[in-house]
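Student: Provided herewith: my_file-v1.txt, compact mmCIF, C-alpha atoms.
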```
# COMPACT_ATOMS: atom_id res chain seq x y z
CA MET A 1 0.00 0.00 0.00
CA THR A 2 1.42 3.38 -1.03
CA GLU A 3 1.45 6.37 1.32
CA LEU A 4 -1.32 8.01 -0.70
CA GLU A 5 -3.47 4.87 -0.55
CA LYS A 6 -2.86 4.72 3.18
CA MET A 7 -3.96 8.36 3.49
CA GLU A 8 -7.07 7.79 1.33
CA GLN A 9 -8.04 4.80 3.44
CA ALA A 10 -7.71 6.93 6.59
CA GLU A 11 -9.79 9.65 4.93
CA GLY A 12 -12.57 7.14 4.25
CA TYR A 13 -12.54 5.98 7.87
CA ILE A 14 -12.65 9.58 9.12
CA ASN A 15 -15.51 10.52 6.79
CA ARG A 16 -17.47 7.62 8.26
CA TYR A 17 -16.82 9.02 11.75
CA PHE A 18 -18.26 12.37 10.72
CA GLU A 19 -21.42 10.66 9.50
CA PHE A 20 -22.03 9.74 13.14
CA GLU A 21 -21.00 13.24 14.24
CA ASP A 22 -23.41 14.84 11.76
CA GLY A 23 -26.16 12.51 12.97
CA VAL A 24 -25.67 13.79 16.52
CA THR A 25 -25.56 17.42 15.37
CA VAL A 26 -28.76 17.16 13.30
CA SER A 27 -30.59 15.40 16.13
CA GLN A 28 -29.50 18.07 18.62
CA GLU A 29 -30.65 20.81 16.24
CA ASN A 30 -33.98 19.00 15.94
CA LYS A 31 -34.21 18.91 19.73
CA GLU A 32 -33.63 22.67 20.00
CA TYR A 33 -36.27 23.20 17.32
CA LEU A 34 -38.79 21.09 19.25
CA LYS A 35 -38.13 23.04 22.45
CA THR A 36 -39.45 26.22 20.80
CA TYR A 37 -42.94 24.67 20.81
CA ILE A 38 -42.94 24.21 24.58
CA LYS A 39 -44.51 27.14 26.41
CA ASP A 40 -45.46 27.77 30.02
CA VAL A 41 -49.25 27.43 30.32
CA ASN A 42 -49.28 30.62 32.41
CA THR A 43 -47.96 32.59 29.43
CA ILE A 44 -51.03 31.50 27.48
CA GLU A 45 -53.21 33.12 30.14
CA GLU A 46 -51.16 36.31 30.03
CA ALA A 47 -51.33 36.48 26.23
CA PHE A 48 -55.08 35.78 26.23
CA ASP A 49 -55.67 38.71 28.66
CA LEU A 50 -59.07 37.57 29.99
CA LYS A 51 -59.59 40.76 32.01
CA LYS A 52 -59.23 43.01 28.97
CA LYS A 53 -61.58 40.85 26.89
CA MET A 54 -64.16 40.85 29.69
CA GLN A 55 -64.03 44.63 30.05
CA LYS A 56 -64.50 45.04 26.30
CA SER A 57 -67.45 42.60 26.23
CA ILE A 58 -69.16 44.22 29.24
CA MET A 59 -68.75 47.66 27.67
CA THR A 60 -70.24 46.40 24.40
CA MET A 61 -73.19 44.74 26.17
CA GLY A 62 -73.76 47.93 28.16
CA ILE A 63 -74.06 49.94 24.94
CA VAL A 64 -76.35 47.32 23.36
CA ALA A 65 -78.53 47.20 26.50
CA VAL A 66 -78.89 51.01 26.58
CA VAL A 67 -79.77 51.17 22.86
CA VAL A 68 -82.37 48.37 23.12
CA GLY A 69 -83.73 49.84 26.36
CA ALA A 70 -84.14 53.21 24.65
CA LEU A 71 -86.07 51.58 21.80
CA PHE A 72 -88.38 49.84 24.26
CA ALA A 73 -88.87 53.08 26.18
CA ILE A 74 -90.75 54.64 23.25
CA PRO A 75 -93.87 52.41 23.41
CA PHE A 76 -93.60 51.76 27.16
CA HIS A 77 -93.04 55.25 28.53
CA SER A 78 -96.29 55.80 30.42
CA GLY A 79 -97.34 54.61 33.84
CA ALA A 80 -95.79 51.50 35.30
CA LEU A 81 -94.84 50.33 31.81
CA TRP A 82 -91.53 52.24 32.12
CA LEU A 83 -90.29 49.19 34.04
CA VAL A 84 -90.43 47.09 30.84
CA PRO A 85 -87.49 48.77 29.05
CA LEU A 86 -85.57 48.78 32.35
CA VAL A 87 -86.08 45.03 32.78
CA VAL A 88 -85.19 44.39 29.13
CA CYS A 89 -82.08 46.53 29.45
CA ALA A 90 -80.96 44.71 32.62
CA ALA A 91 -81.74 41.28 31.13
CA ILE A 92 -79.71 41.98 27.98
CA PHE A 93 -76.78 43.36 29.98
CA ILE A 94 -76.67 40.54 32.55
CA GLY A 95 -77.39 37.80 30.03
CA GLY A 96 -74.75 39.10 27.62
CA ALA A 97 -72.18 39.52 30.39
CA VAL A 98 -72.75 35.95 31.61
CA PHE A 99 -72.60 34.57 28.06
CA PHE A 100 -69.37 36.31 27.11
CA THR A 101 -67.79 35.50 30.47
CA SER A 102 -68.47 31.82 29.90
CA LEU A 103 -67.30 32.05 26.27
CA HIS A 104 -64.00 33.75 27.10
CA LYS A 105 -63.28 31.36 29.96
CA TYR A 106 -64.06 28.41 27.69
CA LYS A 107 -61.66 29.72 25.02
CA LEU A 108 -58.96 30.33 27.62
CA ASP A 109 -59.35 26.87 29.16
CA SER A 110 -59.26 25.32 25.67
CA ALA A 111 -56.09 27.24 24.77
CA LYS A 112 -54.40 26.20 28.03
CA GLN A 113 -55.44 22.56 27.58
CA HIS A 114 -54.18 22.60 23.99
CA GLN A 115 -50.80 23.99 25.09
CA LYS A 116 -50.61 21.39 27.84
CA GLU A 117 -51.19 18.63 25.27
CA VAL A 118 -48.60 20.21 22.98
CA ASN A 119 -46.05 20.37 25.82
CA GLU A 120 -46.63 16.71 26.69
CA GLY A 121 -46.46 15.62 23.04
CA ILE A 122 -43.29 17.60 22.37
CA GLN A 123 -41.68 16.26 25.55
CA GLU A 124 -42.36 12.71 24.35
CA GLN A 125 -40.67 13.51 21.04
CA ILE A 126 -37.68 15.03 22.85
CA GLU A 127 -37.30 11.93 25.04
CA ILE A 128 -37.29 9.72 21.94
CA LEU A 129 -34.72 12.04 20.38
CA ASP A 130 -32.55 11.94 23.53
CA THR A 131 -32.48 8.14 23.32
CA ARG A 132 -31.52 8.34 19.67
CA ILE A 133 -28.77 10.90 20.36
CA ALA A 134 -27.33 8.70 23.11
CA GLN A 135 -27.26 5.71 20.74
CA ILE A 136 -25.55 7.64 17.95
CA GLU A 137 -23.02 9.14 20.39
CA LYS A 138 -22.13 5.65 21.64
CA GLN A 139 -21.72 4.40 18.08
CA ARG A 140 -19.56 7.43 17.29
CA ASP A 141 -17.35 7.01 20.38
CA ASP A 142 -16.95 3.26 19.83
CA TYR A 143 -16.04 3.88 16.21
CA LEU A 144 -13.47 6.52 17.21
CA ALA A 145 -11.88 4.11 19.70
CA ALA A 146 -11.51 1.52 16.94
CA LEU A 147 -10.26 4.18 14.53
CA LYS A 148 -7.36 5.09 16.80
CA LYS A 149 -6.04 1.55 16.36
CA ARG A 150 -6.20 1.82 12.57
CA ILE A 151 -4.65 5.27 12.08
CA ASP A 152 -1.22 5.61 13.64
CA PHE A 153 0.39 8.43 11.65
CA MET A 154 -1.62 11.29 13.16
CA GLU A 155 -3.38 12.29 16.33
CA LEU A 156 -7.13 11.88 15.95
CA ASP A 157 -7.90 15.41 17.01
CA ILE A 158 -11.16 16.82 15.59
CA ASP A 159 -9.38 19.71 13.86
CA TYR A 160 -6.93 17.32 12.18
CA MET A 161 -9.73 14.95 11.23
CA ARG A 162 -11.79 17.75 9.69
CA ASN A 163 -8.80 18.76 7.58
CA ILE A 164 -7.76 15.29 6.42
CA GLY A 165 -8.35 16.45 2.83
CA ALA A 166 -5.82 19.27 3.23
CA ILE A 167 -3.33 16.85 4.81
CA LYS A 168 -3.78 14.42 1.90
CA GLN A 169 -3.18 17.28 -0.53
CA LYS A 170 0.34 17.65 0.87
CA LEU A 171 1.10 14.17 -0.48
CA ILE A 172 -0.57 14.86 -3.81
CA ASP A 173 1.33 18.14 -4.28
CA GLY A 174 4.63 16.50 -3.40
CA GLU A 175 5.15 18.59 -0.28
CA ALA A 176 5.49 15.37 1.73
CA GLU A 177 6.65 11.82 0.99
CA THR A 178 4.99 10.01 3.89
CA CYS A 179 1.75 10.38 5.80
CA GLU A 180 3.70 11.54 8.84
CA ASP A 181 5.45 14.21 6.78
CA ALA A 182 2.10 15.36 5.40
CA VAL A 183 0.75 15.81 8.93
CA TYR A 184 3.88 17.75 9.91
CA ALA A 185 3.61 19.98 6.84
CA TYR A 186 -0.01 20.68 7.65
CA GLU A 187 0.89 21.59 11.24
CA GLN A 188 3.54 24.04 10.05
CA GLY A 189 1.09 25.70 7.67
CA MET A 190 -1.52 25.92 10.40
CA LEU A 191 0.92 27.58 12.83
CA LEU A 192 2.00 30.07 10.17
CA SER A 193 -1.63 30.91 9.43
CA GLN A 194 -2.32 31.51 13.13
CA MET A 195 0.63 33.87 13.42
CA ASN A 196 -0.34 35.93 10.36
CA ASN A 197 -4.08 36.19 10.99
CA ILE A 198 -6.06 37.51 13.94
CA MET A 199 -9.16 35.42 14.19
CA SER A 200 -12.20 36.49 16.14
CA LYS A 201 -15.20 34.40 16.98
CA SER A 202 -18.61 35.87 17.68
CA GLU A 203 -20.46 34.51 20.70
CA ARG A 204 -23.78 35.69 19.31
CA LYS A 205 -26.14 32.77 18.95
CA PRO A 206 -27.68 32.69 15.46
CA GLU A 207 -31.43 33.07 15.33
CA MET A 208 -33.36 29.92 14.62
CA ASP A 209 -34.96 29.77 11.17
CA MET A 210 -38.32 28.23 12.06
CA GLU A 211 -39.47 27.78 8.46
CA LYS A 212 -36.24 26.08 7.47
CA ASN A 213 -36.36 23.80 10.50
CA ARG A 214 -40.01 22.99 9.81
CA GLU A 215 -38.98 21.85 6.32
CA ARG A 216 -36.08 19.78 7.73
CA PHE A 217 -37.78 18.19 10.73
CA GLY A 218 -41.49 18.53 9.95
CA ASP A 219 -44.26 19.99 12.10
CA PRO A 220 -44.24 18.27 15.53
CA LEU A 221 -47.74 19.56 16.25
CA GLN A 222 -49.07 17.40 13.42
CA ALA A 223 -47.85 14.25 15.16
CA ILE A 224 -49.56 15.37 18.38
CA GLU A 225 -52.86 16.04 16.60
CA GLU A 226 -52.72 12.65 14.86
CA LYS A 227 -52.06 10.93 18.18
CA LYS A 228 -54.97 12.83 19.74
CA LYS A 229 -57.32 11.78 16.91
CA LYS A 230 -56.16 8.18 17.26
CA LYS A 231 -56.98 8.20 20.99
CA LYS A 232 -60.47 9.58 20.26
CA LYS A 233 -61.11 6.83 17.69
CA GLU A 234 -59.98 4.16 20.20
CA LYS A 235 -62.31 5.61 22.86
CA LYS A 236 -65.23 5.50 20.42
CA LYS A 237 -64.54 1.84 19.62
CA LYS A 238 -64.66 1.00 23.34
```
Please, can you express the file's structure as structure tokens?

Tutor:
Amino acid sequence: MTELEKMEQAEGYINRYFEFEDGVTVSQENKEYLKTYIKDVNTIEEAFDLKKKMQKSIMTMGIVAVVVGALFAIPFHSGALWLVPLVVCAAIFIGGAVFFTSLHKYKLDSAKQHQKEVNEGIQEQIEILDTRIAQIEKQRDDYLAALKKRIDFMELDIDYMRNIGAIKQKLIDGEAETCEDAVYAYEQGMLLSQMNNIMSKSERKPEMDMEKNRERFGDPLQAIEEKKKKKKKEKKKK
């Protein structure tokens, strides 16, 4: 086996390692994406703003009650009949207030229950993903342990492994005669690059592209809805 063939074989092994590494990365990104769907149920109540909706409904019913009461006051303005528009006005106001109070509370309870179901469904998906990540990480680590026994001309550092193509190029370009020399030549070039360039890394976390992630990983809410429908069908059969 020539030195180049030896290097190409090592490159193939290393590329296989990064297939495991990429699997872990994608699964972790999926996990972070799923977490964005989990919300505190209390925040649903704050966003719904029941008090504001109630005030608006009561104000509206008050206006409606006054208008209707005024219309009834025209034919019932004499004698004891003046009580009719008053009773109608009070009935409309109280009845409307009770109706809208019940309606808003029902909508709020439904929204909170829905979010609770979403949280539980997403948590189940995250737990499944955690199991998968652990399995892939074990496969990756076991593979790396075996890889260290196969590749003896370089340290299996992640940075070196990611640049195996550049190291191989040293052999192709004739800058090195052996795999060891190619690694040494790469190290020298890397040190020179570090001395001549000031590199800065931003700690700013990139914003998550929800649409892109939805295309990559799908809509987790769909799975929850399907599971919910399935449970309803099973209950009906019973």

Student: Neighbours of segment 109-125 of chain A within 10 Å (all atoms listed in the file; same-chain residues fewer than 6 positions away dropped), as a PDB file with C-alpha atoms, keeping the file's coordinate frame?

Tutor:
```
ATOM      1  CA  LYS A  31     -34.210  18.910  19.730  1.00  0.00           C
ATOM      2  CA  LEU A  34     -38.790  21.090  19.250  1.00  0.00           C
ATOM      3  CA  LYS A  35     -38.130  23.040  22.450  1.00  0.00           C
ATOM      4  CA  THR A  36     -39.450  26.220  20.800  1.00  0.00           C
ATOM      5  CA  TYR A  37     -42.940  24.670  20.810  1.00  0.00           C
ATOM      6  CA  ILE A  38     -42.940  24.210  24.580  1.00  0.00           C
ATOM      7  CA  LYS A  39     -44.510  27.140  26.410  1.00  0.00           C
ATOM      8  CA  ASP A  40     -45.460  27.770  30.020  1.00  0.00           C
ATOM      9  CA  VAL A  41     -49.250  27.430  30.320  1.00  0.00           C
ATOM     10  CA  ASN A  42     -49.280  30.620  32.410  1.00  0.00           C
ATOM     11  CA  THR A  43     -47.960  32.590  29.430  1.00  0.00           C
ATOM     12  CA  ILE A  44     -51.030  31.500  27.480  1.00  0.00           C
ATOM     13  CA  GLU A  45     -53.210  33.120  30.140  1.00  0.00           C
ATOM     14  CA  PHE A  48     -55.080  35.780  26.230  1.00  0.00           C
ATOM     15  CA  LEU A 103     -67.300  32.050  26.270  1.00  0.00           C
ATOM     16  CA  PRO A 220     -44.240  18.270  15.530  1.00  0.00           C
ATOM     17  CA  LEU A 221     -47.740  19.560  16.250  1.00  0.00           C
ATOM     18  CA  GLN A 222     -49.070  17.400  13.420  1.00  0.00           C
ATOM     19  CA  ALA A 223     -47.850  14.250  15.160  1.00  0.00           C
ATOM     20  CA  ILE A 224     -49.560  15.370  18.380  1.00  0.00           C
ATOM     21  CA  GLU A 225     -52.860  16.040  16.600  1.00  0.00           C
ATOM     22  CA  LYS A 227     -52.060  10.930  18.180  1.00  0.00           C
ATOM     23  CA  LYS A 228     -54.970  12.830  19.740  1.00  0.00           C
TER      24      LYS A 228
END
```

Student: Let me make sure I understand: among A:Val87, A:Met1, A:Ser102, A:Tyr17, which one has the smallest atom-to-atom distance to Lys148 of chain A if we use all atoms listed in the file?

Tutor: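 The shortest atom-to-atom distance to Lys148 of chain A comes from A:Tyr17.
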
Student: Would you be able to write out as a PyMOL selection string which residues have an atom within 7 Å of (-58.6, 37.3, 29.9) in the file's coordinates, counting all atoms listed in the file?

Tutor: chain A and resi 45+48-54

Student: Determine the nearest neighbour of Leu156 of chain A from the options A:Val183, A:Val26, A:Gln194, A:Gly174, counting all atoms listed in the file.

Tutor: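 Smallest separation from Leu156 of chain A among the options: A:Val183.
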
Student: Separation of atom CA of Ile128 of chain A and atom CA of Arg214 of chain A, in Å?

Tutor: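 If I compute the distance from atom CA of Ile128 of chain A to atom CA of Arg214 of chain A, I get 18.2 Å.
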
Student: Just checking: using only C-alpha atoms, which residue out of A:Arg150, A:Arg132, A:Lys56, A:Arg162 ends up closest to Ser27 of chain A?

Tutor: A:Arg132

Student: Looking at all atoms listed in the file, which of A:Gly96, A:Lys6, A:Lys168, A:Lys212 is the one that sits closest to Ala185 of chain A?

Tutor: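 Looking only at the distances to Ala185 of chain A, the closest residue turns out to be A:Lys168.
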
Student: Work out how far atom CA of Arg140 of chain A is from atom CA of Asn30 of chain A, in Å to one decimal.

Tutor: 18.5 Å

Student: Between A:Ala134, A:Ile94, A:Met210, A:Ala182, single out the one closest to Tyr160 of chain A, counting only C-alpha atoms.

Tutor: A:Ala182

Student: For Gln28 of chain A, which residue out of A:Asp159, A:Asp219, A:Glu127, A:Asp181 is the nearest one, using all atoms listed in the file?

Tutor: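 Of all the options, A:Glu127 lies closest to Gln28 of chain A.
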
Student: Kindly compute an axis-aligned box around the listed atoms of segment 156-161 of chain A, allowing 6 Å on each side, and express its centre and edge lengths in Å to one decimal as AutoDock Vina command-line options.

Tutor:
```
--center_x -9.0 --center_y 15.8 --center_z 14.1 --size_x 16.2 --size_y 19.8 --size_z 17.8
```

Student: Figure out the distance between atom CA of Gln9 of chain A and atom CA of Lys149 of chain A, please, to one decimal in Å.

Tutor: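 Taking atom CA of Lys149 of chain A as the start and atom CA of Gln9 of chain A as the end point, the length is 13.5 Å.
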
Student: If we count all atoms listed in the file and set the cut-off at 12 Å, which residues sit around Thr60 of chain A, ignoring sequence neighbours fewer than 2 positions away in its own chain? Please answer as a list in words.

Tutor: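 Residues near the query, excluding close chain neighbours: Lys53, Met54, Gln55, Lys56, Ser57, Ile58, Gly62, Ile63, Val64, Ala65, Val66, Val67, Ile92, Phe93, Ile94, Gly96, Ala97 and Phe100 of chain A.
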